[in-house]
Structures are given as structure tokens and as C-alpha cells.
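A short worksheet on the structure shown next.
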Amino acid sequence: MDPATAREAATLGIWTFLATEVLLFGGLFTSYIIYRIKYPRIFYEGHLKLDHVLGAINTVVLIGSSLTVALGIAAIRKGKVGLLRLYLSLTLLLAGTFLGVKYVEYTEKFSHGLYPDTDIFFSLYFMLTGLHGLHVLAGMVVLGAVLFLAGRGRYSESYHTPVEISGLYWHFVDLVWIYLFPLLYLLG
Amino acid sequence: MKEHDSGIRTYIVVWGALVVLTVVTVAVSYVHLGMLNVVVALLVASVKASLVALFFMHLRYENRLVWGFALTPLFFLVLIVVGTLSDTLFR
Amino acid sequence: MRETTWNGEQPQNGRASRGYLEAKGFWAWAYTLDHKRIGVMYLYTTLFFFLAGGVFALLIRIKLMFPGQHLFTNQTYNVLFTMHGALMIFLFVIPAIPSGLGNFFIPLHIGARDVAFPRINLMSYWVFVAGIVVILFSLVRPMDTGWTFYTPYSARTAADVTTLSFGIFLIGMSSILTGLNFLVTIHKLRAPGMTWHRMPLFIWSMYATSIIQVLATPVVGITFLLLAMERVLGVGFFDPAKGGDPILFQHFFWFYSHPVVYVMILPAMGIISEIVPAFSRKPIFGYKAIAYSSLAIAVFGFFVWGHHMFVTGMSGTAAILFSLLTYSVAIPTAIKVFNWIATMYRGSITFESPMLYALTFIFLFVIGGLTGMYLGALGADIHVHDTYFIVAHFHYTMVGGTVMGLLAGLHYWFPKMTGRMLSEKMGRPAWLLIFIGFNVTFFTQFILGFEGMPRRYAEYPAQYQALNILSTVGSWILATGILIMFANFVRGLFRGALAPPNPWKALSLEWETGSPPPTENFEEIPTVADWPYGYAGRQT
């Protein structure tokens with residue numbers, strides 16, 4: 001396979017993978033819509049118990065991490081490995097912040113006796129944010145590996161497909177949160 | 001994927017827009033508009049998602065094949081929602 | 001019969017080239033990136049579960065010969081049919097053709113050296129094996145839910161549904177990775193000159209299959225995840241006591257499991273589209289119609305899942321909608337059957353084993369498909385729902401369809417995969433027994449079902465016994481045929497005559513390279529100038 005074909009193949013591959021992710025979350029989104037229509041009251045009361053300030057902060061954090069990934073890719077496209085590593089480190093820092101805030105939120109909920117089996121709303125809240133959190137974690141592992149390999153001098157102006165691919169995955173994780181935030185925290 | 005000089009400025013502008021839209025959506029949630037709240041929230045989220053997909057994910061610079069791969073799952077997402085609703089709404 | 005030249009002929013200097021099979025030893029297989037070896041590993045694994053699932057089927061049939069006698073407890077019977085269904089569906093029927101034959105032949109068919117992502121391909125196989133290990137581990141407490149794992153029972157049974165869900169999740173992941181790989185491979189790695197309309201129809205059908213694998217499988221993944229979470233964390237999506245909806249589980253389950261029946265049948269249809277023209281010596285009739293009907297089946301297949309749920313208490317609106325939509329799938333399917341028959345019309349047909357199985361596929365699948373139309377009709381379905389009519393219907397499509405397609409493909413490609421020929425002397429009697437045995441076993445079940453015998457019960461009223469005995473005897477005939485067929489495979493592997501590159505004088509690219517092919521598939525990547533169905537037509 002010549003390099004150009006390999007890169008096109010990788011792009012198609014990651015978009016296909018993201019398609020499967022859309023439908024993985026799709027099951028949960030379908031449940032959300034059905035139960036929201038069925039139990040508007042539970043959803044109204046449930047959303048009041050979430051901390052939408054922390055949710056908004058996390059949204060901004062994740063958007064920021066998307067920006068740093070995008071800037072990192074722009075850097076490596078010009079061959080600037082050092083800059084790529086800086087931006088990837090920043091991304092990991094922001095991702096860690098996101099999970100930290102998530103941890104605070106979860107502990108807070110547990111301390112108020114709110115668990116995944118409390119009611120349908122909190123079932124959805126914990127399943128959606130939990131699955132999303134796992135994706136954040138997976139994204140951190142992937143970006144961490146890219147950061148490590150960048151340190152080994154694996155990527156250059158002419159070859160950086162893995163950076164682009166993992167970047168696309170990270171943006172997708174951001175994209176899911178962009179929907180989760182209003183659906184869970186804001187709509188009453 | 002075409003190599004292009006994706007201006008760093010574009011990224012910053014998009015990021016700024018995303019932050020502003022986040023503030024907007026939080027602000028609107030304080031105003032009680034009934035069903036309109038849902039519409040606005042989803043509309044804002046979709047604009048944000050489109051910005052991420054078009055610029056950060058470079059969809060703007062991709063060929064039709066990649067667009068096809070990116071949009072197809074959305075159709076099937078709508079399908080599972082509508083199909084299931086055709087049962088639960090009318091039961 | 002067509003002139004054949006392979007009998008005992010040694011291709012080169014007395015020593016056959018072993019091609020991709022040259023390297024030996026465990027690691028040469030376990031670590032291989034060669035799509036052909038990965039395909040072969042998938043075939044061995046899935047065929048093992050075919051035999052295992054078959055043993056459970058035989059036990060079920062033996063019990064059903066003797067109503068009122070306690071050969072097994074009722075609970076054991078529940079475990080038997082669950083094991084039979086779950087193993088056959090998840091570990092054999094779904095992966096066998098795509099992951100086995102698909103892996104082996106997609107790159108060969110399109111003139112590529114490998115799939116697009118060989119490492120992901122290998123990973124897909126080992127994720128599959130990991131899934132099997134987890135599933136087997138979960139069976140320490142025998143599974144008794146039926147293969148569909150409907151809530152609320154699956155959320156409450158003492159069987160280890162939680163671990164099993166994780167295993168199914170892994171199997172699904174493997175299926176997704178395979179589908180993803182094939183989609184990209186077909187898009188990006190076709191040989192120069194191989195336009196979309198010059199691709200073999202097997203590739204079209206595998207492309208359609210991959211679309212379903214990629215789009216449907218994640219939904220079953222999340223469904224089983226939620227089922228496991230319901231058991232572990234008490235999440236209440238499917239639990240009426242918590243305001244959940246058990247029927248939602250069925251919606252999600254069938255959103256995957258209906259399209260996935262086309263993951264089973266589409267690759268088989270692709271194989272038939274290869275074999276029928278090669279053994280009729282005629283160009284395929286209606287190439288584009290067959291190609292696009294594969295895509296149509298893949299897409300329409302997503303619109304009809306509700307027809308599995310007519311008696312669940314689903315809304316009348318949804319029931320009518322899904323019943324109507326179900327008929328749309330019949331159209332592309334009928335288009336295919338019509339075109340195969342038109343291909344054979346006035347052809348110079350020969351009846352070697354691959355063609356015998358291909359014809360069996362067409363015959364049995366038409367019965368399976370038409371009875372499916374009864375079941376798509378709302379009123380008729382409510383009458384025969386959960387009876388043996390259903391059991392007979394899906395065995396006619398899955399065994400009569402998928403398995404016959406697989407067997408056709410195995411007989412057709414055995415020389416290419418192993419470099420050796422199968423014995424027609426063993427192959428034809430085996431086929432005859434399989435054909436007779438299958439029909440005796442399952443046609444009786446149409447009658448039993450129509451007379452009202454429900455499925456999944458260990459006991460039944462005495463009036464059904466005669467036909468049940470007949471069905472059980474049929475299962476023995478079927479098993480004998482399958483054993484002879486496997487004996488033929490084993491014999492062929494070790495003692496079969498050496499195969500020439502193109503024993504069937506077929507025109508697709510895999511026949512232009514050695515039997516077995518070299519590791520890199522082709523010495524030089526071929527340039528394609530024509531479609532692979534330019535057979536001479538009727539010779540006068």
C-alpha cells in the first residue's frame with residue numbers, strides 16, 4: 001500500500017469506527033428520548049439535582065482539549081514535533097481535569113444517596129456519563145501513546161497519520177459531551 | 001485528505017464560538033420557554049457539533065466518500081429512535 | 001460433464017508448492033498477519049462450534065421423540081436449546097462466512113495483497129477467541145434464557161448472564177472490526193481496472209454485509225451492556241418495577257438481530273452468485289440487479305425489526321408499520337433468485353458438489369423466504385408465533401440458506417485454500433443425505449407448528465409424537481451426511497489429489513494464482529479489464 005492510500009484507508013477506517021460509536025451511544029439516546037417523553041416529572045426533578053456549573057466548566061474544559069489537539073495536529077503538519085508534544089500534554093491535562101470534575105460530581109451524588117438504581121433519570125445519567133467517561137479514559141490512553149511515540153521521533157511532517165486518527169477520536173468524545181451536557185444538565 | 005494550511009486562527013475562532021455558544025445555552029436554560037427550551041438547547045448543541053466536525057475534524061476538507069461515512073450513521077440513529085417511538089408513543 | 005484435468009496430476013516437479021501454508025508451527029499461525037491464515041483460523045473455530053451446536057440439536061431431538069419420559073429435566077432441556085441457539089448464532093452462523101471465507105477471499109477477489117488493516121484483522125480474531133473464552137466461562141452456571149436473552153427473565157435468572165454479556169460484547173467488537181476492515185479494503189485496495197461494476201458479486205454481498213456489521217452490532221453491544229448493568233448496578237431501563245420497559249430490550253435486540261440475519265444470508269448469496277455462473281458456463285444474468293439488491297437488502301433489513309415483536313403488546317401502529325415494511329425485503333431477495341435461475345436457463349450445467357449445494361440453497365431458501373412472508377403478515381404471525389412453524393422457517397433460511405451457502409463455498413474453494421481436491425465420490429452421497437435429512441427434519445416442523453405445537457417446551461401432547469419421531473430420524477440422516485462431508489474434508493486435506501490453480505475453470509481473480517496461493521497472493525498485482533463472468537455461454 002502506498003502512503004497516500006494508507007492514509008486514506010486510515011481516515012475511512014476511523015470514520016467507520018466513529019459510526020459504530022454513534023450507534024453505541026444511540027441505544028442510550030433512544031432510551032433517553034423514550035423515558036423523557038414518558039416521565040417528564042422525573043427528568044425535571046432529576047436535572048435539578050445536577051450541578052450545571054460543574055457541567056458547564058467541564059464543557060469548556062473538553063472544548064479546550066479539542067482545541068489543543070487540533071493545534072497539535074496543525075503543528076505536526078509543519079513538522080514541529082516539540083509543539084505537538086506540548087499540545088498533547090495540555091490535552092491530557094485537560095482530559096484529566098474533566099475526569100477529576102466528574103469524580104467530584106459522582107462523589108457528591110453518591111453522598112446524597114443518588115445511585116444508578118435511584119430512578120430512570122439517574123440510571124440514564126450514570127450510564128451516559130459513565131460510558132462517555134470510559135471513552136475519555138480510552139482517549140487519554142490513545143493520546144498518551146501518541147505522545148510517547150512522538151517523543152521517540154516517530155512522527156514528522158510527512159508521516160503523522162496516527163496523530164490525525166487519534167485526534168478525530170478525541171473530537172468525537174468532545175462531540176458526544178456537547179449533546180450530553182444540555183440533555184442531562186439543562187433541560188427540565 | 002488534503003494537506004492544507006489550516007490556519008491556527010481558524011481554530012481559535014471556532015474555539016471562541018464554541019465557548020460563547022456554551023454560555024448562551026446555559027443562559028437560555030434560565031429562561032422558561034417551555035418546549036422552546038428543548039429546541040434551542042438542541043439547536044445550539046447541533047451548531048457546536050457541526051463546528052467541531054467541520055473544522056476540528058476537517059470534514060470541510062474531506063471528499064464525498066468521507067462525508068458519506070460520517071453522515072450515514074446519523075440516518076440509522078434516527079431510524080432506531082423513530083422505529084421505537086412508533087411503538088412507545090402509540091401503545 | 002466438463003472436461004477435468006486435475007486427477008492426480010502433479011503440478012510441478014513432483015512437489016506441490018505449499019504457498020501460504022509453507023510456514024509451520026503455532027506462532028506462524030497465532031501471530032500471522034496473512035488474511036488467508038486468519039480466515040482459516042476463523043473457519044476451524046466456527047466449524048468446531050457448528051459441530052458442538054449440532055450435538056446439542058441432536059440431544060434436543062432425542063428428547064422430543066419421547067414425550068412424558070424424563071431423559072433430562074425440563075431445566076436441562078432449557079439449557080440445551082439455549083446452548084444450541086447461542087453457540088450456533090453467535091459463534092458459527094454469523095462469523096463463519098464473513099470472517100472465514102470473506103477474510104480468505106476478499107483480497108484475492110479484488111486483486112489485493114491483504115486487507116487494509118492486517119493487524120486489526122488479527123486482533124479481531126483474538127478478540128473473538130477472548131469472547132469465546134468469556135462465554136464458556138460464564139457457562140459454569142448453565143444458561144437457560146434462550147438465545148434471545150429477553151428481559152425481565154434474563155435480568156433475574158441465576159445463570160451468569162452478566163459474564164456472558166461481556167463475552168457477547170467482545171464477539172460483537174470482533175465482528176465490527178472485521179466489517180470495518182472489509183469496507184475500507186473494498187473501497188481502497190481494488191486492483192487497477194477493477195471498477196465497482198467489475199467486482200465479483202461476492203464482494204458486493206460482503207460489502208453490504210459489512211455495512212450491517214458496522215451499523216447494527218454496536219446496538220447489541222450497548223443492549224447487552226445495559227442488561228449487565230441492570231444485573232450489577234440495578235439500572236432500570238428494562239425493569240417494569242423501576243419504570244423501565246422490558247419491550248425496549250426487544251426493540252434494541254432486534255434492531256441488531258434482524259439485520260444480522262442478513263449478515264448471515266448475504267455472504268451466502270454472494271457465494272451462490274459466484275458458483276451458479278461458473279457451473280452453468282454462462283455469464284451471470286442481471287449483474288447490476290444482483291449487486292444493488294445486496295445493498296437494498298442491507299438497508300431494508302434495518303426497517304423491519306418490529307416483526308419479531310407482534311405479540312409483545314407493541315402498539316398497533318408499530319405492528320402495522322413493521323408488517324408492511326417487512327414485505328419490502330422480499331423484493332430484492334426475489335430479484336436475486338430470479339437472476340440465478342435466469343443464469344442457469346439454457347446453460348451447460350454440471351453437478352459437482354459446489355453446484356449441488358448452490359442449487360440446494362436456492363431451493364431451500366425459497367421455501368424459507370416464502371414462509372417468512374406468512375410470518376411478516378400480522379394476522380398469520382399471531383397465529384403461528386412461538387410455534388414450530390417459526391423454528392422450521394428460520395432453519396430453512398439459516399441452515400437451508402446460510403449453511404448450504406457455506407458448504408457450497410467450502411466445496412468450491414477447498415482446492416484453492418488447501419491445494420487439494422475433495423472426492424466427488426464422497427461429496428455427492430454426503431450432499432444427498434444432508435438434503436434428505438434436512439427436509440425430513442424441518443419440513444415436518446412446518447406441519448407441527450401449523451398444528452399448534454409450541455417451541456421451547458420439553459413436553460407436548462401425544463398427538464404430535466408421530467411427526468416428532470420423523471423429525472428426529474431426519475436429524476440422524478442429516479448428521480450422517482455432515483459426518484461424511486467432514487470425513488471428506490479430512491481425507492481431502494491429507495490424501496486429496498493435488499489441485500491445479502483453476503479446477504472449475506472459473507474466471508474470478510483467485511483462480512489466477514496458485515492453489516494454495518502464495519503468501520503475497522499474486523506475484524504481480526493483476527490489471528483487470530473485464531467483469532469475472534464472461535463465460536462462453538451455450539456451446540452449440
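Residues are referred to by chain and number: the chain letter is A, B, ... according to the order shown in the C-alpha cells, the number counts from 1 in that chain, and ligands are numbered separately from 1 in the order shown.
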Can you check which parts of chain A lie within 9 Å of chain C? Per residue, the shortest pair of atoms and distance in Å to one decimal, counting only C-alpha atoms, sorted by chain and number, as a Markdown table.
| residue | atom | partner | partner_atom | distance |
| --- | --- | --- | --- | --- |
| A:Met1 | CA | C:Leu189 | CA | 8.0 |
| A:Thr5 | CA | C:Lys188 | CA | 6.9 |
| A:Ala6 | CA | C:Ala116 | CA | 7.9 |
| A:Glu8 | CA | C:Lys188 | CA | 7.8 |
| A:Ala9 | CA | C:Val184 | CA | 6.0 |
| A:Ala10 | CA | C:Val184 | CA | 8.3 |
| A:Leu12 | CA | C:Val184 | CA | 6.4 |
| A:Gly13 | CA | C:Val184 | CA | 6.2 |
| A:Ile14 | CA | C:Leu180 | CA | 8.9 |
| A:Thr16 | CA | C:Leu180 | CA | 6.3 |
| A:Phe17 | CA | C:Leu180 | CA | 7.1 |
| A:Ala19 | CA | C:Leu215 | CA | 7.0 |
| A:Thr20 | CA | C:Pro218 | CA | 5.7 |
| A:Glu21 | CA | C:Pro218 | CA | 7.1 |
| A:Val22 | CA | C:Pro218 | CA | 8.5 |
| A:Leu23 | CA | C:Pro218 | CA | 5.7 |
| A:Leu24 | CA | C:Pro218 | CA | 4.7 |
| A:Phe25 | CA | C:Ile222 | CA | 7.5 |
| A:Gly26 | CA | C:Val219 | CA | 7.2 |
| A:Gly27 | CA | C:Val219 | CA | 5.9 |
| A:Leu28 | CA | C:Ile222 | CA | 7.7 |
| A:Ser31 | CA | C:Phe237 | CA | 7.5 |
| A:Tyr35 | CA | C:Gly244 | CA | 8.1 |
| A:Tyr39 | CA | C:Gly243 | CA | 8.9 |
| A:Tyr115 | CA | C:Leu233 | CA | 8.5 |
| A:Pro116 | CA | C:Val235 | CA | 5.6 |
| A:Asp117 | CA | C:Val235 | CA | 4.8 |
| A:Thr118 | CA | C:Val235 | CA | 8.2 |
| A:Asp119 | CA | C:Lys242 | CA | 6.7 |
| A:Ile120 | CA | C:Gly236 | CA | 6.2 |
| A:Phe122 | CA | C:Val235 | CA | 8.6 |
| A:Ser123 | CA | C:Val235 | CA | 5.3 |
| A:Leu124 | CA | C:Val235 | CA | 8.3 |
| A:Met127 | CA | C:Leu226 | CA | 8.2 |
Give me, as a PDB file with C-alpha atoms, in the first residue's frame, all polymer residues having an atom no more than 9 Å from Gly83 in chain B, counting only C-alpha atoms and skipping those fewer than 3 positions away in the same chain.
ATOM      1  CA  VAL B  78     -32.891   8.483  13.544  1.00  0.00           C
ATOM      2  CA  LEU B  79     -34.247   5.126  12.390  1.00  0.00           C
ATOM      3  CA  ILE B  80     -33.859   3.378  15.744  1.00  0.00           C
ATOM      4  CA  SER B  86     -43.703   4.210  16.709  1.00  0.00           C
ATOM      5  CA  ASP B  87     -44.317   1.631  19.422  1.00  0.00           C
TER       6      ASP B  87
ATOM      7  CA  HIS C 251     -36.523  -3.296  20.242  1.00  0.00           C
ATOM      8  CA  PHE C 303     -36.580  -1.218   8.735  1.00  0.00           C
ATOM      9  CA  TRP C 305     -37.159  -5.463  13.179  1.00  0.00           C
ATOM     10  CA  GLY C 306     -40.575  -4.985  14.778  1.00  0.00           C
ATOM     11  CA  ALA C 318     -45.940  -0.021  15.030  1.00  0.00           C
ATOM     12  CA  PHE C 322     -43.428  -3.090  10.549  1.00  0.00           C
TER      13      PHE C 322
END
Distance table requested - chain B against chain A, cut-off 6 Å, only C-alpha atoms: one row per qualifying residue with the closest atom pair and its distance in Å to one decimal, ordered by chain and rising residue number, as JSON lines.
{"residue": "B:Ser29", "atom": "CA", "partner": "A:Leu186", "partner_atom": "CA", "distance": 5.8}
{"residue": "B:Ala45", "atom": "CA", "partner": "A:Tyr179", "partner_atom": "CA", "distance": 5.7}
{"residue": "B:Ala49", "atom": "CA", "partner": "A:Leu175", "partner_atom": "CA", "distance": 5.6}
{"residue": "B:Phe56", "atom": "CA", "partner": "A:Ala70", "partner_atom": "CA", "distance": 5.8}
{"residue": "B:Met57", "atom": "CA", "partner": "A:Leu168", "partner_atom": "CA", "distance": 5.7}
{"residue": "B:Pro73", "atom": "CA", "partner": "A:Ala19", "partner_atom": "CA", "distance": 5.3}
{"residue": "B:Leu77", "atom": "CA", "partner": "A:Gly26", "partner_atom": "CA", "distance": 5.9}
{"residue": "B:Val81", "atom": "CA", "partner": "A:Thr30", "partner_atom": "CA", "distance": 5.3}
Report as an mmCIF file with N, CA and C atoms, in the first residue's frame all protein, DNA and RNA residues lying within 9 Å of Val276 in chain C, evaluated on only C-alpha atoms, omitting residues in the same chain fewer than 3 positions from it.
data_model
loop_
_atom_site.group_PDB
_atom_site.id
_atom_site.type_symbol
_atom_site.label_atom_id
_atom_site.label_comp_id
_atom_site.auth_asym_id
_atom_site.auth_seq_id
_atom_site.Cartn_x
_atom_site.Cartn_y
_atom_site.Cartn_z
ATOM 1 N N ILE C 271 -21.832 -16.149 -2.495
ATOM 2 C CA ILE C 271 -21.192 -17.388 -2.936
ATOM 3 C C ILE C 271 -22.001 -18.025 -4.052
ATOM 4 N N ILE C 272 -23.325 -18.044 -3.890
ATOM 5 C CA ILE C 272 -24.186 -18.648 -4.913
ATOM 6 C C ILE C 272 -24.016 -17.893 -6.235
ATOM 7 N N SER C 273 -23.892 -16.560 -6.136
ATOM 8 C CA SER C 273 -23.721 -15.767 -7.365
ATOM 9 C C SER C 273 -22.402 -16.070 -8.065
ATOM 10 N N PHE C 279 -20.710 -22.888 -12.937
ATOM 11 C CA PHE C 279 -21.118 -24.264 -13.218
ATOM 12 C C PHE C 279 -22.238 -24.328 -14.245
ATOM 13 N N SER C 280 -22.685 -23.157 -14.731
ATOM 14 C CA SER C 280 -23.622 -23.148 -15.849
ATOM 15 C C SER C 280 -22.910 -22.716 -17.121
ATOM 16 N N ARG C 281 -21.652 -22.325 -16.974
ATOM 17 C CA ARG C 281 -20.836 -21.813 -18.086
ATOM 18 C C ARG C 281 -21.547 -20.701 -18.835
ATOM 19 N N LYS C 282 -22.249 -19.858 -18.111
ATOM 20 C CA LYS C 282 -22.946 -18.731 -18.743
ATOM 21 C C LYS C 282 -22.653 -17.465 -17.960
ATOM 22 N N ILE C 284 -23.347 -14.308 -15.767
ATOM 23 C CA ILE C 284 -24.430 -14.119 -14.792
ATOM 24 C C ILE C 284 -25.480 -13.222 -15.413
ATOM 25 N N TRP C 340 -30.588 -15.822 -10.628
ATOM 26 C CA TRP C 340 -29.836 -17.083 -10.615
ATOM 27 C C TRP C 340 -30.478 -18.097 -11.562
ATOM 28 N N ILE C 341 -31.795 -18.144 -11.501
ATOM 29 C CA ILE C 341 -32.477 -19.122 -12.357
ATOM 30 C C ILE C 341 -32.301 -18.734 -13.822
ATOM 31 N N THR C 343 -29.807 -17.240 -15.009
ATOM 32 C CA THR C 343 -28.437 -17.574 -15.386
ATOM 33 C C THR C 343 -28.338 -19.031 -15.813
ATOM 34 N N MET C 344 -29.038 -19.890 -15.097
ATOM 35 C CA MET C 344 -28.954 -21.321 -15.399
ATOM 36 C C MET C 344 -29.692 -21.701 -16.664
ATOM 37 N N ILE C 349 -25.006 -26.927 -17.618
ATOM 38 C CA ILE C 349 -24.851 -27.110 -16.173
ATOM 39 C C ILE C 349 -24.170 -28.442 -15.863
ATOM 40 N N MET C 355 -21.995 -26.995 -6.924
ATOM 41 C CA MET C 355 -23.242 -26.655 -7.601
ATOM 42 C C MET C 355 -24.434 -27.339 -6.921
ATOM 43 N N ALA C 358 -25.237 -25.268 -4.077
ATOM 44 C CA ALA C 358 -25.789 -23.987 -4.526
ATOM 45 C C ALA C 358 -27.254 -24.141 -4.920
ATOM 46 N N LEU C 359 -27.548 -25.226 -5.645
ATOM 47 C CA LEU C 359 -28.948 -25.450 -6.034
ATOM 48 C C LEU C 359 -29.805 -25.713 -4.803
#
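You will find CA of Gly537 in chain C at 29.3 Å from CA of Ile367 in chain C.
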Practice task
Determine the nearest neighbour of chain B from the options C:Gly379, C:Pro503, C:Gly270, C:Gly316, counting only C-alpha atoms.
Solution key: C:Gly316
Exercise for the section: Could you give me, as a PyMOL selection string, the residues within 8 Å of range 398-403 of chain C, counting only C-alpha atoms and dropping anything in the same chain fewer than 3 positions from it? Expected result: chain C and resi 93+264-265+267-268+360-362+364-365+368+394-395+406-407+438
Could those residues be written to a file, using C-alpha atoms, as a compact mmCIF listing (two decimals), in the first residue's frame?
# COMPACT_ATOMS: atom_id res chain seq x y z
CA VAL C 93 -23.66 -18.71 11.61
CA MET C 264 -25.82 -14.49 7.74
CA ILE C 265 -27.56 -14.73 4.39
CA PRO C 267 -22.47 -13.64 2.07
CA ALA C 268 -24.11 -16.97 1.24
CA THR C 360 -29.96 -26.72 -2.59
CA PHE C 361 -29.52 -23.19 -1.30
CA ILE C 362 -31.87 -21.78 -3.91
CA LEU C 364 -34.47 -24.36 0.45
CA PHE C 365 -34.08 -20.62 0.71
CA GLY C 368 -37.60 -20.33 3.93
CA PHE C 394 -35.61 -19.95 10.39
CA HIS C 395 -33.90 -23.28 9.94
CA LEU C 406 -21.18 -22.01 3.37
CA LEU C 407 -20.94 -25.65 2.32
CA PHE C 438 -32.61 -31.58 6.38
